[in-house]
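S.K.: Pasting my_file.cif here (mmCIF, C-alpha atoms and all ligand atoms):
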```
data_my_file
loop_
_atom_site.label_atom_id
_atom_site.label_comp_id
_atom_site.auth_asym_id
_atom_site.auth_seq_id
_atom_site.Cartn_x
_atom_site.Cartn_y
_atom_site.Cartn_z
CA MET Y 264 0.00 0.00 0.00
CA LYS Y 265 1.33 3.48 -0.90
CA ASN Y 266 2.27 5.56 2.17
CA ASP Y 267 1.91 9.32 1.55
CA TYR Y 268 4.08 10.15 4.55
CA ILE Y 269 7.25 8.44 3.31
CA PRO Y 270 9.96 10.96 2.43
CA TYR Y 271 12.70 10.25 -0.09
CA PRO Y 272 16.40 11.07 0.33
CA ALA Y 273 17.77 13.96 -1.70
CA VAL Y 274 21.46 14.78 -1.84
CA ILE Y 275 22.64 18.39 -1.64
CA GLU Y 276 24.49 19.41 -4.82
CA SER Y 277 25.20 23.03 -3.89
CA ILE Y 278 24.50 25.59 -1.19
CA ILE Y 279 24.30 29.35 -1.75
CA THR Y 280 24.35 31.68 1.24
CA GLU Y 281 21.73 34.26 0.25
CA SER Y 282 21.77 36.40 3.38
CA PHE Y 283 22.75 36.28 7.05
CA ASP Y 284 19.90 33.82 7.80
CA THR Y 285 18.89 32.26 4.45
CA LYS Y 286 20.54 29.63 2.27
CA THR Y 287 19.47 28.08 -1.03
CA PHE Y 288 19.97 24.31 -1.26
CA ARG Y 289 20.04 22.65 -4.67
CA VAL Y 290 19.12 18.97 -4.23
CA LYS Y 291 18.62 15.88 -6.35
CA PHE Y 292 16.75 12.65 -5.50
CA THR Y 293 19.24 9.85 -4.87
CA ASP Y 294 16.89 7.30 -6.50
CA LYS Y 295 16.89 7.72 -10.30
CA LYS Y 296 13.43 6.17 -10.69
CA ILE Y 297 11.91 8.69 -8.27
CA ALA Y 298 13.76 11.55 -9.97
CA ASP Y 299 12.54 10.44 -13.41
CA ASN Y 300 8.90 10.27 -12.27
CA PHE Y 301 8.94 13.55 -10.34
CA SER Y 302 7.40 16.79 -11.59
CA TYR Y 303 6.05 19.95 -10.00
CA VAL Y 304 4.50 23.27 -10.89
CA GLN Y 305 5.29 26.85 -9.82
CA GLY Y 306 4.00 27.68 -6.33
CA GLN Y 307 4.01 24.14 -4.91
CA PHE Y 308 5.87 23.15 -1.76
CA MET Y 309 7.51 20.04 -0.32
CA GLN Y 310 7.71 18.68 3.22
CA ILE Y 311 11.41 18.61 4.17
CA SER Y 312 12.62 16.52 7.08
CA LEU Y 313 15.71 15.42 8.95
CA MET Y 314 15.38 12.20 10.93
CA GLY Y 315 15.09 12.84 14.66
CA THR Y 316 14.62 16.59 14.21
CA GLY Y 317 11.32 17.23 12.43
CA GLU Y 318 9.60 18.24 9.24
CA ALA Y 319 8.46 21.57 7.76
CA PRO Y 320 6.81 22.79 4.56
CA ILE Y 321 9.20 24.67 2.25
CA SER Y 322 8.35 26.21 -1.13
CA ILE Y 323 10.15 25.02 -4.22
CA SER Y 324 12.08 28.13 -5.25
CA SER Y 325 13.41 26.74 -8.53
CA SER Y 326 11.48 26.95 -11.79
CA PRO Y 327 9.91 23.82 -13.32
CA SER Y 328 11.51 24.94 -16.61
CA ARG Y 329 14.97 24.16 -15.16
CA LYS Y 330 15.15 20.38 -14.96
CA GLY Y 331 17.18 17.84 -13.02
CA PHE Y 332 17.21 19.48 -9.60
CA LEU Y 333 15.07 21.21 -6.98
CA GLU Y 334 15.96 24.34 -5.02
CA PHE Y 335 14.75 25.34 -1.57
CA SER Y 336 15.59 28.72 -0.04
CA ILE Y 337 15.40 28.29 3.69
CA ARG Y 338 15.53 30.85 6.48
CA SER Y 339 17.00 29.55 9.72
CA VAL Y 340 14.28 30.25 12.29
CA GLY Y 341 13.83 27.15 14.46
CA LYS Y 342 14.77 23.59 15.31
CA LEU Y 343 14.67 22.02 11.84
CA THR Y 344 15.82 24.94 9.73
CA LYS Y 345 18.85 25.52 12.00
CA LYS Y 346 19.87 21.86 11.51
CA ILE Y 347 19.33 22.11 7.74
CA HIS Y 348 21.64 25.15 7.69
CA GLU Y 349 24.38 22.95 9.24
CA LEU Y 350 24.22 20.48 6.31
CA LYS Y 351 27.04 20.40 3.79
CA VAL Y 352 27.26 19.56 0.08
CA ARG Y 353 26.85 15.77 -0.52
CA GLU Y 354 24.86 15.35 2.72
CA LYS Y 355 21.17 14.40 2.53
CA MET Y 356 17.80 15.81 3.49
CA PHE Y 357 14.47 13.97 3.13
CA ILE Y 358 11.64 15.31 1.01
CA ARG Y 359 8.06 14.36 0.17
CA GLY Y 360 5.65 16.10 -2.17
CA PRO Y 361 5.09 18.19 -4.22
CA TYR Y 362 1.99 19.56 -2.47
CA GLY Y 363 -0.56 22.25 -3.18
CA LYS Y 364 -3.25 22.08 -5.86
CA GLY Y 365 -3.55 25.86 -5.65
CA HIS Y 366 -0.45 26.92 -7.54
CA PHE Y 367 0.46 29.99 -9.59
CA PRO Y 368 -1.24 30.24 -12.99
CA PHE Y 369 1.02 30.29 -16.05
CA GLU Y 370 -0.85 29.75 -19.34
CA GLU Y 371 -3.68 32.02 -18.11
CA ILE Y 372 -1.34 35.00 -17.56
CA LYS Y 373 0.37 34.94 -20.95
CA GLY Y 374 0.15 38.33 -22.71
CA LYS Y 375 -0.31 40.19 -19.41
CA ASN Y 376 1.61 42.81 -17.43
CA LEU Y 377 2.88 41.21 -14.23
CA ILE Y 378 3.66 42.74 -10.88
CA PHE Y 379 5.44 40.80 -8.15
CA VAL Y 380 5.56 42.15 -4.60
CA ALA Y 381 7.64 40.31 -2.02
CA GLY Y 382 8.80 40.94 1.52
CA GLY Y 383 11.80 39.17 3.09
CA ILE Y 384 11.59 35.38 2.73
CA GLY Y 385 8.48 35.92 0.51
CA LEU Y 386 10.59 36.03 -2.65
CA PRO Y 387 11.53 32.28 -2.86
CA PRO Y 388 8.03 30.98 -3.77
CA LEU Y 389 7.59 33.82 -6.30
CA ARG Y 390 11.03 33.10 -7.77
CA SER Y 391 9.75 29.77 -9.13
CA LEU Y 392 7.19 31.63 -11.26
CA ILE Y 393 9.52 34.57 -12.03
CA ASN Y 394 12.18 32.30 -13.54
CA LEU Y 395 9.53 30.33 -15.44
CA ILE Y 396 8.42 33.66 -16.94
CA MET Y 397 12.02 34.71 -17.66
CA ASP Y 398 12.49 31.41 -19.53
CA ASN Y 399 9.42 32.27 -21.65
CA ARG Y 400 9.87 36.07 -21.58
CA LYS Y 401 8.41 36.85 -25.03
CA ASP Y 402 5.01 35.48 -23.93
CA PHE Y 403 4.53 38.28 -21.37
CA GLU Y 404 4.30 42.09 -21.37
CA ASN Y 405 5.98 44.29 -18.71
CA VAL Y 406 7.25 42.65 -15.54
CA LYS Y 407 7.88 44.63 -12.34
CA ILE Y 408 9.38 43.05 -9.25
CA LEU Y 409 9.01 45.05 -6.02
CA TYR Y 410 11.02 43.61 -3.15
CA GLY Y 411 11.44 44.94 0.38
CA CYS Y 412 13.53 43.69 3.28
CA LYS Y 413 14.21 44.96 6.79
CA THR Y 414 17.88 45.64 5.94
CA ALA Y 415 20.03 45.22 2.82
CA ASP Y 416 21.77 42.07 4.14
CA GLU Y 417 18.38 40.27 4.02
CA PHE Y 418 17.93 40.34 0.22
CA CYS Y 419 17.89 36.87 -1.39
CA PHE Y 420 19.02 36.08 -4.97
CA LYS Y 421 21.18 39.23 -5.28
CA ASP Y 422 22.73 38.16 -8.62
CA GLU Y 423 19.36 37.21 -10.07
CA LEU Y 424 17.83 40.55 -9.00
CA LYS Y 425 20.53 42.30 -11.06
CA ALA Y 426 20.09 39.90 -14.00
CA TRP Y 427 16.27 40.25 -14.07
CA ASN Y 428 16.61 44.06 -14.03
CA LYS Y 429 18.72 43.90 -17.22
CA ILE Y 430 16.05 41.98 -19.19
CA PRO Y 431 14.07 44.28 -21.53
CA ASN Y 432 10.69 45.46 -20.14
CA THR Y 433 11.61 44.04 -16.75
CA GLU Y 434 12.21 46.24 -13.73
CA VAL Y 435 13.36 45.35 -10.22
CA LEU Y 436 12.72 47.91 -7.47
CA LEU Y 437 14.25 47.33 -4.05
CA THR Y 438 13.73 48.99 -0.71
CA VAL Y 439 14.83 48.49 2.90
CA ASP Y 440 13.01 49.41 6.10
CA LYS Y 441 16.25 50.50 7.74
CA LYS Y 442 19.27 52.04 6.04
CA THR Y 443 22.76 50.69 6.78
CA ASP Y 444 26.11 52.17 5.68
CA ASP Y 445 26.39 49.76 2.72
CA TRP Y 446 22.95 50.72 1.26
CA THR Y 447 22.51 53.61 -1.17
CA GLY Y 448 19.09 52.62 -2.53
CA ARG Y 449 15.51 53.38 -1.48
CA VAL Y 450 14.44 53.37 2.16
CA GLY Y 451 10.86 52.69 3.28
CA VAL Y 452 8.32 49.88 3.36
CA VAL Y 453 7.53 48.08 0.10
CA THR Y 454 4.37 50.13 -0.55
CA GLU Y 455 6.61 53.24 -0.75
CA LEU Y 456 7.81 51.81 -4.10
CA TRP Y 457 4.46 52.83 -5.61
CA LYS Y 458 5.93 56.35 -5.96
CA ASP Y 459 8.52 55.11 -8.49
CA ALA Y 460 6.92 51.98 -9.91
CA ASP Y 461 4.03 53.41 -12.01
CA ILE Y 462 1.73 50.49 -11.16
CA LYS Y 463 -1.27 50.18 -13.48
CA SER Y 464 -4.02 47.57 -13.40
CA ASP Y 465 -4.63 47.49 -17.20
CA ASN Y 466 -4.25 43.90 -18.42
CA ALA Y 467 -2.27 43.18 -15.24
CA VAL Y 468 -2.02 40.48 -12.59
CA ALA Y 469 -0.21 40.91 -9.27
CA PHE Y 470 1.50 38.19 -7.23
CA LEU Y 471 2.32 38.68 -3.54
CA CYS Y 472 4.18 36.87 -0.81
CA GLY Y 473 5.28 38.26 2.52
CA PRO Y 474 4.23 38.80 6.11
CA PRO Y 475 0.46 39.33 6.72
CA ILE Y 476 0.90 43.02 7.53
CA MET Y 477 2.71 43.58 4.21
CA ILE Y 478 0.00 41.67 2.32
CA LYS Y 479 -2.71 43.81 3.91
CA PHE Y 480 -1.14 47.13 2.88
CA VAL Y 481 -0.03 45.92 -0.58
CA VAL Y 482 -3.59 44.73 -1.31
CA GLN Y 483 -4.88 48.20 -0.35
CA LYS Y 484 -2.34 49.81 -2.71
CA LEU Y 485 -3.21 47.43 -5.56
CA GLU Y 486 -6.92 48.03 -5.07
CA GLY Y 487 -6.17 51.77 -5.05
CA SER Y 488 -4.41 51.26 -8.41
CA GLY Y 489 -7.57 49.62 -9.79
CA PHE Y 490 -6.81 45.90 -9.38
CA SER Y 491 -9.79 43.60 -8.86
CA ASP Y 492 -9.47 40.90 -6.16
CA LYS Y 493 -9.36 38.10 -8.72
CA ASN Y 494 -6.21 39.61 -10.27
CA ILE Y 495 -4.34 39.71 -6.95
CA ILE Y 496 -2.80 36.31 -6.26
CA MET Y 497 -0.97 35.40 -3.07
CA THR Y 498 0.69 32.43 -1.45
CA LEU Y 499 -0.12 31.85 2.21
CA GLU Y 500 1.70 30.23 5.11
CA ARG Y 501 0.07 28.39 8.00
CA HIS Y 502 1.39 25.87 10.52
CA MET Y 503 1.25 22.46 8.85
CA LYS Y 504 1.80 18.86 9.87
CA CYS Y 505 0.71 16.40 7.20
CA GLY Y 506 0.70 18.61 4.08
CA ILE Y 507 -1.96 16.39 2.52
CA GLY Y 508 -5.30 17.49 3.97
CA LYS Y 509 -5.53 14.90 6.77
CA CYS Y 510 -4.47 16.50 10.08
CA GLY Y 511 -6.49 19.75 9.98
CA HIS Y 512 -3.59 21.92 11.19
CA CYS Y 513 -3.77 24.33 8.26
CA ASN Y 514 -7.55 24.56 8.03
CA VAL Y 515 -9.16 27.97 7.28
CA GLY Y 516 -12.95 27.98 6.99
CA ASP Y 517 -13.78 25.15 4.58
CA LYS Y 518 -10.30 25.12 3.01
CA PHE Y 519 -6.99 23.45 3.77
CA ILE Y 520 -4.00 25.67 2.94
CA CYS Y 521 -1.94 22.55 2.13
CA VAL Y 522 -4.24 21.09 -0.53
CA ASP Y 523 -6.52 23.95 -1.65
CA GLY Y 524 -3.58 26.41 -1.57
CA PRO Y 525 -1.05 27.58 -0.71
CA VAL Y 526 -1.83 29.96 -3.60
CA PHE Y 527 -5.17 31.80 -3.50
CA THR Y 528 -6.68 34.84 -5.15
CA CYS Y 529 -7.44 37.82 -2.93
CA ALA Y 530 -11.13 37.20 -3.71
CA GLU Y 531 -10.83 33.72 -2.13
CA VAL Y 532 -8.89 35.00 0.91
CA LYS Y 533 -11.54 37.63 1.56
CA LYS Y 534 -14.09 34.82 1.96
CA PHE Y 535 -12.06 33.18 4.78
CA PRO Y 536 -13.64 33.61 8.23
CA LYS Y 537 -12.25 36.74 9.98
CA LYS Y 538 -10.65 34.68 12.78
CA ASP Y 539 -8.69 32.70 10.13
CA GLY Y 540 -7.10 35.75 8.58
CA ALA Y 541 -9.62 37.15 6.09
CA MET Y 542 -8.80 40.68 5.01
C1 LIG K 601 3.42 26.44 2.26
C2 LIG K 601 4.59 26.94 3.05
C3 LIG K 601 5.76 27.26 2.39
C4 LIG K 601 6.88 27.71 3.11
N1 LIG K 601 8.01 28.01 2.42
C5 LIG K 601 9.11 28.41 3.10
C6 LIG K 601 10.32 28.69 2.38
O1 LIG K 601 10.39 28.61 1.16
N2 LIG K 601 11.40 29.05 3.10
C7 LIG K 601 11.36 29.17 4.49
O2 LIG K 601 12.40 29.50 5.08
N3 LIG K 601 10.24 28.91 5.18
C8 LIG K 601 9.11 28.52 4.53
N4 LIG K 601 7.97 28.23 5.23
C9 LIG K 601 7.96 28.39 6.70
C10 LIG K 601 8.56 27.17 7.42
O3 LIG K 601 7.81 26.02 7.13
C11 LIG K 601 8.54 27.44 8.95
O4 LIG K 601 9.39 28.52 9.25
C12 LIG K 601 8.90 26.20 9.78
O5 LIG K 601 8.19 26.29 10.99
C13 LIG K 601 10.36 26.09 10.13
O6 LIG K 601 10.55 24.95 10.96
P1 LIG K 601 11.57 24.96 12.17
O7 LIG K 601 11.44 23.66 12.87
O8 LIG K 601 12.93 25.34 11.74
O9 LIG K 601 11.06 26.16 13.04
P2 LIG K 601 10.10 26.10 14.28
O10 LIG K 601 10.83 25.49 15.44
O11 LIG K 601 8.80 25.55 13.87
O12 LIG K 601 9.97 27.68 14.55
C14 LIG K 601 9.40 28.53 13.54
C15 LIG K 601 9.06 29.87 14.16
O13 LIG K 601 8.11 29.67 15.20
C16 LIG K 601 8.66 30.17 16.40
N5 LIG K 601 8.28 29.21 17.46
C17 LIG K 601 8.65 27.92 17.52
N6 LIG K 601 8.12 27.35 18.62
C18 LIG K 601 7.42 28.33 19.24
C19 LIG K 601 6.64 28.39 20.42
N7 LIG K 601 6.49 27.32 21.20
N8 LIG K 601 6.02 29.56 20.74
C20 LIG K 601 6.18 30.65 19.96
N9 LIG K 601 6.91 30.66 18.83
C21 LIG K 601 7.51 29.53 18.48
C22 LIG K 601 10.15 30.24 16.20
O14 LIG K 601 10.75 31.21 17.02
C23 LIG K 601 10.23 30.57 14.77
O15 LIG K 601 10.09 31.95 14.56
C24 LIG K 601 6.82 27.82 4.53
C25 LIG K 601 5.63 27.50 5.21
C26 LIG K 601 4.52 27.08 4.47
C27 LIG K 601 3.26 26.75 5.19
S1 LIG K 602 -1.23 20.28 7.03
FE1 LIG K 602 -2.56 18.67 7.63
S2 LIG K 602 -4.43 19.26 6.75
FE2 LIG K 602 -3.03 20.74 5.97
#
```
Please express what this file holds, its structure, as structure tokens.
Ligand SMILES: Cc1cc2nc3c(=O)[nH]c(=O)nc-3n(C[C@H](O)[C@H](O)[C@H](O)COP(=O)(O)OP(=O)(O)OC[C@H]3O[C@@H](n4cnc5c(N)ncnc54)[C@H](O)[C@@H]3O)c2cc1C
Ligand code: FES

M.R.:
Amino acid sequence: MKNDYIPYPAVIESIITESFDTKTFRVKFTDKKIADNFSYVQGQFMQISLMGTGEAPISISSSPSRKGFLEFSIRSVGKLTKKIHELKVREKMFIRGPYGKGHFPFEEIKGKNLIFVAGGIGLPPLRSLINLIMDNRKDFENVKILYGCKTADEFCFKDELKAWNKIPNTEVLLTVDKKTDDWTGRVGVVTELWKDADIKSDNAVAFLCGPPIMIKFVVQKLEGSGFSDKNIIMTLERHMKCGIGKCGHCNVGDKFICVDGPVFTCAEVKKFPKKDGAM
């Protein structure tokens, strides 16, 4: 009988230190048969575990257009993620998934202007879709990526941010809450970028990921710029255990974040009961 809870070993091929607390791990299944049968779509997540330590949901930050590996960008915040940060190249982690039926649209957004708004560790799940778009760039109109962090040493994917900004009709705008000596760019919360970003809702879809307070104010800004709730798409985080709709840990109203999400439109989130985080 198939056991949905069984994780599979994945060996670490490379580790990039993104910031003072975040690393990106590129991994590969050790079993060729599992690797050959594995596929995922942008916005899905996996359950990552280390034996004797625990398990946590982590978004796949690589694009499905880049084959042969998976990338996870992990902030060290607790028991498991601290241990994962101690791992070295050629060591193993255990992964099961991919999970989440609610993923980012792709075919449906072709021909549109796209706006991405991320705060802190919110960029990794969006990066999966961003790189999928960059690999099919001619199918899309203007792309704007607005990214805010508390301080400059928190930015993830620094080289990619520069590379995306060089692509025609693609703009990356960065801001920090608090200026440090090494930062000469914009200062202020991510919504302050509206002053420079010329955000328009015509033929546009917006994608968000970040802390709830950021989401709340970014949604207000987008609505102020004329976006309808169905064209504001966000990926949500909740405490999870099973990841497969069985334990009830991630339940909001009549939805499970793990199976119905983690990606929802703002219109769907607004229907969540108030106590479960409706806006
Ligand atoms: C769909 C989804 C995708 C995600 N994707 C990513 C991703 O791409 N990258 C990423 O870094 N994270 C991601 N997360 C978040 C990640 O799963 C959590 O941070 C996870 O809890 C980390 O596990 P841990 O054991 O290291 O931390 P934990 O020990 O669970 O601690 C996590 C946080 O909770 C606090 N905490 C722990 N115990 C307590 C307590 N008893 N009382 C109060 N506070 C407590 C800790 O201080 C810490 O801030 C995602 C979550 C979801 C749901
Ligand atoms: S994590 Fe168990 S139901 Fe979603």

S.K.: Compile a residue-level contact table for chain Y against ligand LIG 602 (chain K) at a cut-off of 6 Å, reporting for every qualifying residue the shortest atom pair and its distance in Å to one decimal, with only C-alpha atoms and all ligand atoms counted, rows ordered by chain and ascending number, as a Markdown table.

M.R.:
```
| residue | atom | partner | partner_atom | distance |
| --- | --- | --- | --- | --- |
| Y:Met503 | CA | K:LIG602 | S1 | 3.8 |
| Y:Lys504 | CA | K:LIG602 | S1 | 4.4 |
| Y:Cys505 | CA | K:LIG602 | FE1 | 4.0 |
| Y:Gly506 | CA | K:LIG602 | S1 | 3.9 |
| Y:Ile507 | CA | K:LIG602 | FE1 | 5.6 |
| Y:Gly508 | CA | K:LIG602 | S2 | 3.4 |
| Y:Lys509 | CA | K:LIG602 | S2 | 4.5 |
| Y:Cys510 | CA | K:LIG602 | FE1 | 3.8 |
| Y:Gly511 | CA | K:LIG602 | S2 | 3.9 |
| Y:His512 | CA | K:LIG602 | FE1 | 4.9 |
| Y:Cys513 | CA | K:LIG602 | FE2 | 4.3 |
| Y:Phe519 | CA | K:LIG602 | FE2 | 5.3 |
| Y:Ile520 | CA | K:LIG602 | FE2 | 5.9 |
| Y:Cys521 | CA | K:LIG602 | FE2 | 4.4 |
```

S.K.: Please put the answer as AutoDock Vina command-line options: centre and edge lengths, in Å with one decimal, of a box along x, y and z that encloses all listed atoms of ligand LIG 601 (chain K) plus 8 Å on each side.

M.R.:
```
--center_x 8.1 --center_y 27.8 --center_z 11.2 --size_x 25.7 --size_y 24.3 --size_z 36.0
```

S.K.: Within 9 Å of Tyr410 of chain Y, counting all atoms listed in the file, which residues qualify if same-chain residues fewer than 2 places away don't, as JSON, numbers by chain?

M.R.: {"Y": [379, 380, 381, 382, 383, 385, 386, 408, 412, 418, 435, 436, 437, 438, 439, 453, 456]}

S.K.: Just to confirm, what's the straight-line distance from atom CA of Asp492 of chain Y to atom CA of Val532 of chain Y in Å (one decimal)?

M.R.: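 Distance between the two atoms: 9.2 Å.
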
S.K.: Listing only residues of segment 395-481 of chain Y within 10 Å of segment 314-331 of chain Y, what is the closest atom pair and its distance in Å (to one decimal) for each, using all atoms listed in the file, sorted by chain and residue number ascending, as a Markdown table?

M.R.:
```
| residue | atom | partner | partner_atom | distance |
| --- | --- | --- | --- | --- |
| Y:Leu395 | CA | Y:Ser326 | CA | 5.3 |
| Y:Ile396 | CA | Y:Ser326 | CA | 9.0 |
| Y:Met397 | CA | Y:Ser326 | CA | 9.7 |
| Y:Asp398 | CA | Y:Ser328 | CA | 7.2 |
| Y:Asn399 | CA | Y:Ser328 | CA | 9.1 |
```

S.K.: Which residue gives the smallest distance to Lys286 of chain Y among Y:Lys265, Y:His348, Y:Arg353, Y:Lys413, with all atoms listed in the file counted?

M.R.: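 Of the candidates, the smallest distance to Lys286 of chain Y is held by Y:His348.
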
S.K.: Using all atoms listed in the file, which of the listed residues (Y:Thr528, Y:Thr498, Y:Thr280, Y:Thr447) sits closest to ligand LIG 601 (chain K)?

M.R.: Y:Thr498

S.K.: What is the distance, in Å and to one decimal place, between atom O8 of ligand LIG 601 (chain K) and atom CA of Val522 of chain Y?

M.R.: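 Computing it gives 21.5 Å between the two atoms.
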
S.K.: Which residue out of Y:Asn514, Y:Thr293, Y:Thr443, Y:Asn376 has the minimum interatomic distance to ligand LIG 601 (chain K) when all atoms listed in the file are used?

M.R.: Y:Asn514

S.K.: Please compute the atom O14 of ligand LIG 601 (chain K)-atom CA of His366 of chain Y distance, one decimal, in Å.

M.R.: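 These two atoms are separated by 27.3 Å.
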
S.K.: Could you name the residues that touch Lys355 of chain Y at 9 Å or less, counting all atoms listed in the file, but leaving out those on the same chain fewer than 3 positions away, as number ranges by chain?

M.R.: Y: 272-275, 290, 293, 313, 350-352

S.K.: Between Y:Met477, Y:Leu409, Y:Met356, Y:Val482, which has the minimum distance to Glu276 of chain Y (counting all atoms listed in the file)?

M.R.: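 Distance minimum relative to Glu276 of chain Y lands on Y:Met356.
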
S.K.: Within 9 Å of Glu281 of chain Y, counting only C-alpha atoms, which residues qualify if same-chain residues fewer than 3 places away don't, as a ChimeraX atom specification?

M.R.: /Y:284-287,336,416-421

S.K.: For the selection you just gave me, I'd like the residues written to a file as a PDB file, in the frame of the given file, keeping C-alpha atoms.

M.R.:
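Dumped everything to out_3.pdb:
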```pdb
ATOM      1  CA  ASP Y 284      19.900  33.820   7.800  1.00  0.00           C
ATOM      2  CA  THR Y 285      18.890  32.260   4.450  1.00  0.00           C
ATOM      3  CA  LYS Y 286      20.540  29.630   2.270  1.00  0.00           C
ATOM      4  CA  THR Y 287      19.470  28.080  -1.030  1.00  0.00           C
ATOM      5  CA  SER Y 336      15.590  28.720  -0.040  1.00  0.00           C
ATOM      6  CA  ASP Y 416      21.770  42.070   4.140  1.00  0.00           C
ATOM      7  CA  GLU Y 417      18.380  40.270   4.020  1.00  0.00           C
ATOM      8  CA  PHE Y 418      17.930  40.340   0.220  1.00  0.00           C
ATOM      9  CA  CYS Y 419      17.890  36.870  -1.390  1.00  0.00           C
ATOM     10  CA  PHE Y 420      19.020  36.080  -4.970  1.00  0.00           C
ATOM     11  CA  LYS Y 421      21.180  39.230  -5.280  1.00  0.00           C
TER      12      LYS Y 421
END
```

S.K.: Extract, using only C-alpha atoms, all DNA, RNA and protein residues at most 12 Å from Phe527 of chain Y, discarding same-chain residues fewer than 4 positions from it, and format them as a PyMOL selection string.

M.R.: chain Y and resi 306+363-368+469-472+492-500+518-523+531-535+541

S.K.: Out of Y:Ile478, Y:Asp517, Y:Leu343, Y:Asp465, which residue has the shortest atom-to-atom distance to Phe490 of chain Y when counting all atoms listed in the file?

M.R.: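 Residue with the minimum atom-to-atom distance to Phe490 of chain Y: Y:Asp465.
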